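Encoded as structure tokens, the structure appears first; notes follow it.
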Amino acid sequence: MDKPSLAHHKGDGFINPWDSYRREHAKTSASIISKTKHEASKEDIAAIQLLAQRPNFKLAEPAFLETRRNVGVTWIGHATFVLQMYGLTILTDPNWNSKTHSPFSFGGVKRLVPPPVSVSDLPKIDVVVITADRADKCDKSTIRELGNRCKYVVPLGVGETLQSYGITRENIIELDWWQEETMNGVKIVCCPAQHVSGQQSLDGRCSALWCSWAFIGVRAKVYFVGSSGYRAARRGQSFLPYKERLEIPCCPAFREIGKKLGPFDLAFLPVGNFTPRHSVSCLQMDPLDAVCVHRDVGARQSTAHSWGTFVIGSEEETLEPLRLLEQAMMQVGVSDSEFVVTQHGVTKVMY
């Protein structure tokens, strides 16, 4: 792999180095409290809860014995997945909390669907990966419950937060973009993303780095995005059609990831919490952006997440991400089998 650029380093902090990021939008999104937040409908919540299942983590074991290409996937909720890959069990952005922080709601937002399994009933977790030092991605109570039973692979600067939660330094591996760590034959690569992490200074520097993750096995490649922006939308540009969006600069990191590490067998991409659009677009992709990222990284199949668990966005309805995702797939020409929706707790073996 070529020597990585350090354009995202600035002094003792980190920045987004692309034209697709507008710092004034990020500052706004961190300070505005919306007074028009949509309340989740009881009908929508009941429907999501009805479809939730208890995970069957053993489902992946016989499939793994047949071929090392198979990947066991269980969605816990929000950006939290249990991935069983090549004998390695990975936990992403762990969050079992009943509430999480939202810049658009005093006191945070409540979880709509309870976690389908307790932390204590998880299979043996080999490694936890975290994409950013943000409350919804690095939940304090969940990290403390997981404790030092596993390794933590995180972006630069996030280790300090983990240590304050009780994780010992020897269990923390910090990586810069394009650095990697190999565990049980799976290469874990820290990849770029467009977001923020830790504390943000007045000049836009963040105290910790953020990232996405690639998991490269012998016969399978998996890509995971916790949160990321893709295109920055000004007022009046919130939900432009696909062809009109092509004139707006997009984050080039995803095509670079696809070129260097792809194509991927599976990708896990966020589709929710994307409003108010003019404020958070540089930090949170919407469903149409997610479909574009699916194409950029060369994913054979993508799974939608960050919908139906915490509605952090102030102007979206509970199931709106799924409706917009369906429209986006039609606009871009992506089939139902290429970008799928799973339910809380469902364990699937992806071939």
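Identifiers for the structure tokens are assigned positionally: chains receive A, B, ... in sequence, residues are indexed from 1 per chain, and ligands are indexed from 1 in the order shown.
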If you take only C-alpha atoms and a cut-off of 12 Å, which residues of segment 68-141 of chain A touch segment 296-304 of chain A, and what are their nearest atom pairs and distances in Å to one decimal, in chain and number order, as a tab-separated table?
```
residue	atom	partner	partner_atom	distance
A:Val73	CA	A:Thr303	CA	9.9
A:Thr74	CA	A:Thr303	CA	11.0
A:Trp75	CA	A:Thr303	CA	9.7
A:Gly77	CA	A:Ala304	CA	10.7
A:His78	CA	A:Ala304	CA	9.8
A:Ala79	CA	A:Ala304	CA	9.4
A:Thr80	CA	A:Ala304	CA	11.6
A:Phe81	CA	A:Thr303	CA	10.8
```
Export of the given selection (all heavy atoms) as a PDB file, in the first residue's frame:
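See again_20.pdb below for the written result:
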```pdb
ATOM      1  N   VAL A  73     -23.661 -12.406  10.321  1.00  0.00           N
ATOM      2  CA  VAL A  73     -23.990 -10.997  10.567  1.00  0.00           C
ATOM      3  C   VAL A  73     -25.212 -10.922  11.478  1.00  0.00           C
ATOM      4  O   VAL A  73     -26.264 -11.493  11.172  1.00  0.00           O
ATOM      5  CB  VAL A  73     -24.289 -10.256   9.247  1.00  0.00           C
ATOM      6  CG1 VAL A  73     -24.712  -8.820   9.533  1.00  0.00           C
ATOM      7  CG2 VAL A  73     -23.079 -10.297   8.326  1.00  0.00           C
ATOM      8  N   THR A  74     -25.081 -10.203  12.602  1.00  0.00           N
ATOM      9  CA  THR A  74     -26.213  -9.947  13.501  1.00  0.00           C
ATOM     10  C   THR A  74     -26.261  -8.461  13.810  1.00  0.00           C
ATOM     11  O   THR A  74     -25.284  -7.890  14.313  1.00  0.00           O
ATOM     12  CB  THR A  74     -26.088 -10.733  14.811  1.00  0.00           C
ATOM     13  OG1 THR A  74     -25.937 -12.127  14.528  1.00  0.00           O
ATOM     14  CG2 THR A  74     -27.329 -10.530  15.676  1.00  0.00           C
ATOM     15  N   TRP A  75     -27.404  -7.832  13.486  1.00  0.00           N
ATOM     16  CA  TRP A  75     -27.570  -6.407  13.785  1.00  0.00           C
ATOM     17  C   TRP A  75     -28.187  -6.258  15.172  1.00  0.00           C
ATOM     18  O   TRP A  75     -29.316  -6.680  15.411  1.00  0.00           O
ATOM     19  CB  TRP A  75     -28.462  -5.746  12.739  1.00  0.00           C
ATOM     20  CG  TRP A  75     -28.581  -4.262  12.891  1.00  0.00           C
ATOM     21  CD1 TRP A  75     -27.587  -3.377  13.207  1.00  0.00           C
ATOM     22  CD2 TRP A  75     -29.758  -3.468  12.714  1.00  0.00           C
ATOM     23  NE1 TRP A  75     -28.069  -2.087  13.235  1.00  0.00           N
ATOM     24  CE2 TRP A  75     -29.400  -2.121  12.935  1.00  0.00           C
ATOM     25  CE3 TRP A  75     -31.083  -3.780  12.379  1.00  0.00           C
ATOM     26  CZ2 TRP A  75     -30.320  -1.072  12.837  1.00  0.00           C
ATOM     27  CZ3 TRP A  75     -31.994  -2.737  12.275  1.00  0.00           C
ATOM     28  CH2 TRP A  75     -31.635  -1.404  12.504  1.00  0.00           C
ATOM     29  N   GLY A  77     -28.475  -3.149  16.567  1.00  0.00           N
ATOM     30  CA  GLY A  77     -29.201  -1.888  16.487  1.00  0.00           C
ATOM     31  C   GLY A  77     -28.232  -0.741  16.291  1.00  0.00           C
ATOM     32  O   GLY A  77     -27.047  -0.833  16.622  1.00  0.00           O
ATOM     33  N   HIS A  78     -28.729   0.373  15.737  1.00  0.00           N
ATOM     34  CA  HIS A  78     -27.931   1.552  15.427  1.00  0.00           C
ATOM     35  C   HIS A  78     -26.734   1.139  14.556  1.00  0.00           C
ATOM     36  O   HIS A  78     -26.935   0.571  13.489  1.00  0.00           O
ATOM     37  CB  HIS A  78     -27.517   2.272  16.709  1.00  0.00           C
ATOM     38  CG  HIS A  78     -27.087   3.689  16.484  1.00  0.00           C
ATOM     39  ND1 HIS A  78     -27.841   4.577  15.778  1.00  0.00           N
ATOM     40  CD2 HIS A  78     -25.963   4.369  16.869  1.00  0.00           C
ATOM     41  CE1 HIS A  78     -27.226   5.752  15.732  1.00  0.00           C
ATOM     42  NE2 HIS A  78     -26.081   5.646  16.374  1.00  0.00           N
ATOM     43  N   ALA A  79     -25.498   1.351  14.999  1.00  0.00           N
ATOM     44  CA  ALA A  79     -24.319   0.952  14.211  1.00  0.00           C
ATOM     45  C   ALA A  79     -23.623  -0.262  14.821  1.00  0.00           C
ATOM     46  O   ALA A  79     -22.456  -0.526  14.510  1.00  0.00           O
ATOM     47  CB  ALA A  79     -23.349   2.124  14.102  1.00  0.00           C
ATOM     48  N   THR A  80     -24.331  -0.995  15.665  1.00  0.00           N
ATOM     49  CA  THR A  80     -23.741  -2.134  16.378  1.00  0.00           C
ATOM     50  C   THR A  80     -24.069  -3.445  15.671  1.00  0.00           C
ATOM     51  O   THR A  80     -25.228  -3.817  15.538  1.00  0.00           O
ATOM     52  CB  THR A  80     -24.260  -2.191  17.828  1.00  0.00           C
ATOM     53  OG1 THR A  80     -24.052  -0.918  18.454  1.00  0.00           O
ATOM     54  CG2 THR A  80     -23.535  -3.265  18.614  1.00  0.00           C
ATOM     55  N   PHE A  81     -23.012  -4.118  15.205  1.00  0.00           N
ATOM     56  CA  PHE A  81     -23.140  -5.434  14.573  1.00  0.00           C
ATOM     57  C   PHE A  81     -22.209  -6.418  15.272  1.00  0.00           C
ATOM     58  O   PHE A  81     -21.141  -6.042  15.768  1.00  0.00           O
ATOM     59  CB  PHE A  81     -22.724  -5.387  13.100  1.00  0.00           C
ATOM     60  CG  PHE A  81     -23.717  -4.742  12.183  1.00  0.00           C
ATOM     61  CD1 PHE A  81     -23.669  -3.371  11.951  1.00  0.00           C
ATOM     62  CD2 PHE A  81     -24.683  -5.495  11.524  1.00  0.00           C
ATOM     63  CE1 PHE A  81     -24.565  -2.769  11.094  1.00  0.00           C
ATOM     64  CE2 PHE A  81     -25.588  -4.898  10.664  1.00  0.00           C
ATOM     65  CZ  PHE A  81     -25.532  -3.531  10.446  1.00  0.00           C
TER      66      PHE A  81
END
```
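Across A:Tyr21, A:Ile15, A:Gly147, A:Phe268, the tightest approach to Leu202 of chain A is made by A:Ile15 when counting only C-alpha atoms.
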Next on the checklist: as number ranges by chain, please: the residues near segment 249-258 of chain A (cut-off 10 Å, only C-alpha atoms, same-chain neighbours under 2 positions excluded).
Outcome noted: A: 16-21, 178, 191-194, 212-214, 223, 228-233, 245-247, 260-264, 282, 289, 292-299
Next on the checklist: Neighbouring residues of Ile143 of chain A were defined as those with any atom within 8 Å, considering only C-alpha atoms; residues of the same chain fewer than 5 positions away were excluded. Please report them as a PyMOL selection string.
Outcome noted: chain A and resi 94+138+162+165
With C-alpha atoms kept, could you save the residues just selected as a compact mmCIF listing (two decimals), in the first residue's frame?
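Produced file part_7.txt, reproduced below:
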```txt
# COMPACT_ATOMS: atom_id res chain seq x y z
CA PRO A 94 -21.00 -1.01 20.76
CA CYS A 138 -18.42 4.65 22.02
CA LEU A 162 -11.36 4.02 26.59
CA TYR A 165 -13.76 3.94 30.97
```
Checklist entry - Near Glu244 of chain A, within 12 Å and counting only C-alpha atoms, which residues show up once chain neighbours fewer than 4 positions away are dropped, as a PyMOL selection string? => result chain A and resi 231+233+237-240+248-249+288+331
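Comparing A:Asn273, A:Thr131, A:Gln163, A:Ser337 by their smallest distance to Leu319 of chain A, the closest is A:Asn273 (using only C-alpha atoms).
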Next on the checklist: Excluding Val113 of chain A and its own-chain neighbours fewer than 5 positions away, which residues fall within 12 Å of it when counting only C-alpha atoms? Please give them as an MDAnalysis selection string.
Outcome noted: chainID A and resid 40 42 44:53 75:78 96:99 307:311 318 343:345
I'd like the contact shell of Pro123 of chain A - 12 Å cut-off, only C-alpha atoms, skipping same-chain residues fewer than 6 positions apart - returned as a PDB file with N, CA, C and O atoms, in the first residue's frame.
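Generated output (result38.pdb):
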```pdb
ATOM      1  N   PRO A  55     -30.981 -13.181  18.578  1.00  0.00           N
ATOM      2  CA  PRO A  55     -29.912 -13.668  17.695  1.00  0.00           C
ATOM      3  C   PRO A  55     -29.636 -15.154  17.861  1.00  0.00           C
ATOM      4  O   PRO A  55     -29.817 -15.729  18.939  1.00  0.00           O
ATOM      5  N   ASN A  56     -29.174 -15.755  16.776  1.00  0.00           N
ATOM      6  CA  ASN A  56     -28.734 -17.150  16.793  1.00  0.00           C
ATOM      7  C   ASN A  56     -27.284 -17.181  16.315  1.00  0.00           C
ATOM      8  O   ASN A  56     -27.001 -17.439  15.143  1.00  0.00           O
ATOM      9  N   PHE A  57     -26.366 -16.892  17.229  1.00  0.00           N
ATOM     10  CA  PHE A  57     -24.969 -16.764  16.848  1.00  0.00           C
ATOM     11  C   PHE A  57     -24.360 -18.091  16.387  1.00  0.00           C
ATOM     12  O   PHE A  57     -23.375 -18.102  15.661  1.00  0.00           O
ATOM     13  N   LYS A  58     -24.962 -19.211  16.786  1.00  0.00           N
ATOM     14  CA  LYS A  58     -24.430 -20.517  16.386  1.00  0.00           C
ATOM     15  C   LYS A  58     -24.728 -20.824  14.919  1.00  0.00           C
ATOM     16  O   LYS A  58     -24.163 -21.761  14.354  1.00  0.00           O
ATOM     17  N   LEU A  59     -25.612 -20.038  14.315  1.00  0.00           N
ATOM     18  CA  LEU A  59     -25.983 -20.260  12.924  1.00  0.00           C
ATOM     19  C   LEU A  59     -24.775 -20.166  11.997  1.00  0.00           C
ATOM     20  O   LEU A  59     -24.695 -20.862  10.981  1.00  0.00           O
ATOM     21  N   ALA A  60     -23.823 -19.307  12.352  1.00  0.00           N
ATOM     22  CA  ALA A  60     -22.667 -19.083  11.485  1.00  0.00           C
ATOM     23  C   ALA A  60     -21.627 -20.192  11.590  1.00  0.00           C
ATOM     24  O   ALA A  60     -20.784 -20.337  10.696  1.00  0.00           O
ATOM     25  N   GLU A  61     -21.661 -20.993  12.654  1.00  0.00           N
ATOM     26  CA  GLU A  61     -20.591 -21.975  12.886  1.00  0.00           C
ATOM     27  C   GLU A  61     -20.546 -23.077  11.829  1.00  0.00           C
ATOM     28  O   GLU A  61     -19.488 -23.320  11.235  1.00  0.00           O
ATOM     29  N   THR A  74     -25.081 -10.203  12.602  1.00  0.00           N
ATOM     30  CA  THR A  74     -26.213  -9.947  13.501  1.00  0.00           C
ATOM     31  C   THR A  74     -26.261  -8.461  13.810  1.00  0.00           C
ATOM     32  O   THR A  74     -25.284  -7.890  14.313  1.00  0.00           O
ATOM     33  N   VAL A  82     -22.611  -7.678  15.276  1.00  0.00           N
ATOM     34  CA  VAL A  82     -21.704  -8.778  15.599  1.00  0.00           C
ATOM     35  C   VAL A  82     -21.370  -9.459  14.273  1.00  0.00           C
ATOM     36  O   VAL A  82     -22.266  -9.960  13.588  1.00  0.00           O
ATOM     37  N   LEU A  83     -20.097  -9.451  13.905  1.00  0.00           N
ATOM     38  CA  LEU A  83     -19.639 -10.064  12.664  1.00  0.00           C
ATOM     39  C   LEU A  83     -18.783 -11.273  13.008  1.00  0.00           C
ATOM     40  O   LEU A  83     -17.824 -11.167  13.782  1.00  0.00           O
ATOM     41  N   GLN A  84     -19.149 -12.421  12.478  1.00  0.00           N
ATOM     42  CA  GLN A  84     -18.396 -13.668  12.687  1.00  0.00           C
ATOM     43  C   GLN A  84     -17.735 -14.035  11.365  1.00  0.00           C
ATOM     44  O   GLN A  84     -18.393 -14.444  10.418  1.00  0.00           O
ATOM     45  N   GLY A  87     -13.462 -17.207  11.786  1.00  0.00           N
ATOM     46  CA  GLY A  87     -13.122 -17.589  13.145  1.00  0.00           C
ATOM     47  C   GLY A  87     -12.895 -16.430  14.084  1.00  0.00           C
ATOM     48  O   GLY A  87     -12.548 -16.621  15.247  1.00  0.00           O
ATOM     49  N   LEU A  88     -13.091 -15.206  13.599  1.00  0.00           N
ATOM     50  CA  LEU A  88     -12.922 -14.000  14.418  1.00  0.00           C
ATOM     51  C   LEU A  88     -14.291 -13.373  14.645  1.00  0.00           C
ATOM     52  O   LEU A  88     -15.067 -13.204  13.708  1.00  0.00           O
ATOM     53  N   THR A  89     -14.607 -13.035  15.903  1.00  0.00           N
ATOM     54  CA  THR A  89     -15.878 -12.376  16.214  1.00  0.00           C
ATOM     55  C   THR A  89     -15.617 -10.909  16.516  1.00  0.00           C
ATOM     56  O   THR A  89     -14.879 -10.564  17.438  1.00  0.00           O
ATOM     57  N   ILE A  90     -16.228 -10.044  15.712  1.00  0.00           N
ATOM     58  CA  ILE A  90     -15.995  -8.599  15.752  1.00  0.00           C
ATOM     59  C   ILE A  90     -17.264  -7.909  16.215  1.00  0.00           C
ATOM     60  O   ILE A  90     -18.367  -8.230  15.757  1.00  0.00           O
ATOM     61  N   LEU A  91     -17.136  -6.932  17.099  1.00  0.00           N
ATOM     62  CA  LEU A  91     -18.252  -6.109  17.549  1.00  0.00           C
ATOM     63  C   LEU A  91     -17.986  -4.675  17.110  1.00  0.00           C
ATOM     64  O   LEU A  91     -16.933  -4.112  17.407  1.00  0.00           O
ATOM     65  N   VAL A 117     -30.304  -8.817  22.618  1.00  0.00           N
ATOM     66  CA  VAL A 117     -29.518  -9.724  23.445  1.00  0.00           C
ATOM     67  C   VAL A 117     -28.715  -8.870  24.421  1.00  0.00           C
ATOM     68  O   VAL A 117     -28.360  -7.737  24.111  1.00  0.00           O
ATOM     69  N   LEU A 146     -18.393  -4.431  28.770  1.00  0.00           N
ATOM     70  CA  LEU A 146     -17.533  -5.307  27.984  1.00  0.00           C
ATOM     71  C   LEU A 146     -16.187  -5.510  28.675  1.00  0.00           C
ATOM     72  O   LEU A 146     -15.621  -6.606  28.677  1.00  0.00           O
ATOM     73  N   ARG A 149     -12.240  -7.999  28.469  1.00  0.00           N
ATOM     74  CA  ARG A 149     -12.330  -9.374  27.970  1.00  0.00           C
ATOM     75  C   ARG A 149     -11.937  -9.475  26.498  1.00  0.00           C
ATOM     76  O   ARG A 149     -11.846 -10.572  25.946  1.00  0.00           O
ATOM     77  N   CYS A 150     -11.730  -8.339  25.807  1.00  0.00           N
ATOM     78  CA  CYS A 150     -11.438  -8.345  24.380  1.00  0.00           C
ATOM     79  C   CYS A 150     -10.466  -7.216  24.048  1.00  0.00           C
ATOM     80  O   CYS A 150     -10.165  -6.363  24.885  1.00  0.00           O
TER      81      CYS A 150
END
```
Item to check | segment 77-192 of chain A: residues DSSP assigns to strand (DSSP E or B), reported as JSON, numbers by chain | outcome: {"A": [77, 80, 81, 82, 83, 84, 85, 88, 89, 90, 91, 92, 99, 100, 109, 110, 127, 128, 129, 151, 152, 153, 154, 155, 172, 173, 174, 175, 180, 181, 182, 183, 186, 187, 188, 189, 190, 191]}
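Taking atom CA of Ala208 of chain A and atom CA of Asn171 of chain A as the two end points, the separation is 18.1 Å.
Minimum atom-to-atom distance to Trp177 of chain A, evaluated using only C-alpha atoms, belongs to A:Cys211 out of A:Val154, A:Cys211, A:Leu122, A:Ala220.
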Checklist entry - Got a sec to tell me which of segment 231-312 of chain A DSSP assigns to helix (DSSP H, G or I), as a list in words? => result Tyr242, Lys243, Glu244, Arg245, Ala253, Phe254, Arg255, Glu256, Ile257, Gly258, Lys259, Lys260, Leu261, Arg277, His278, Ser279, Val280, Pro287, Leu288, Asp289, Ala290, Val291, Cys292, Val293, His294, Arg295 and Asp296 of chain A
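One finds atom CA of Glu315 of chain A at 5.5 Å from atom CA of Thr275 of chain A.
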Next on the checklist: If I take atom CA of Ile188 of chain A and atom CA of Arg205 of chain A, how far is one from the other in Å, to one decimal?
Outcome noted: 25.9 Å
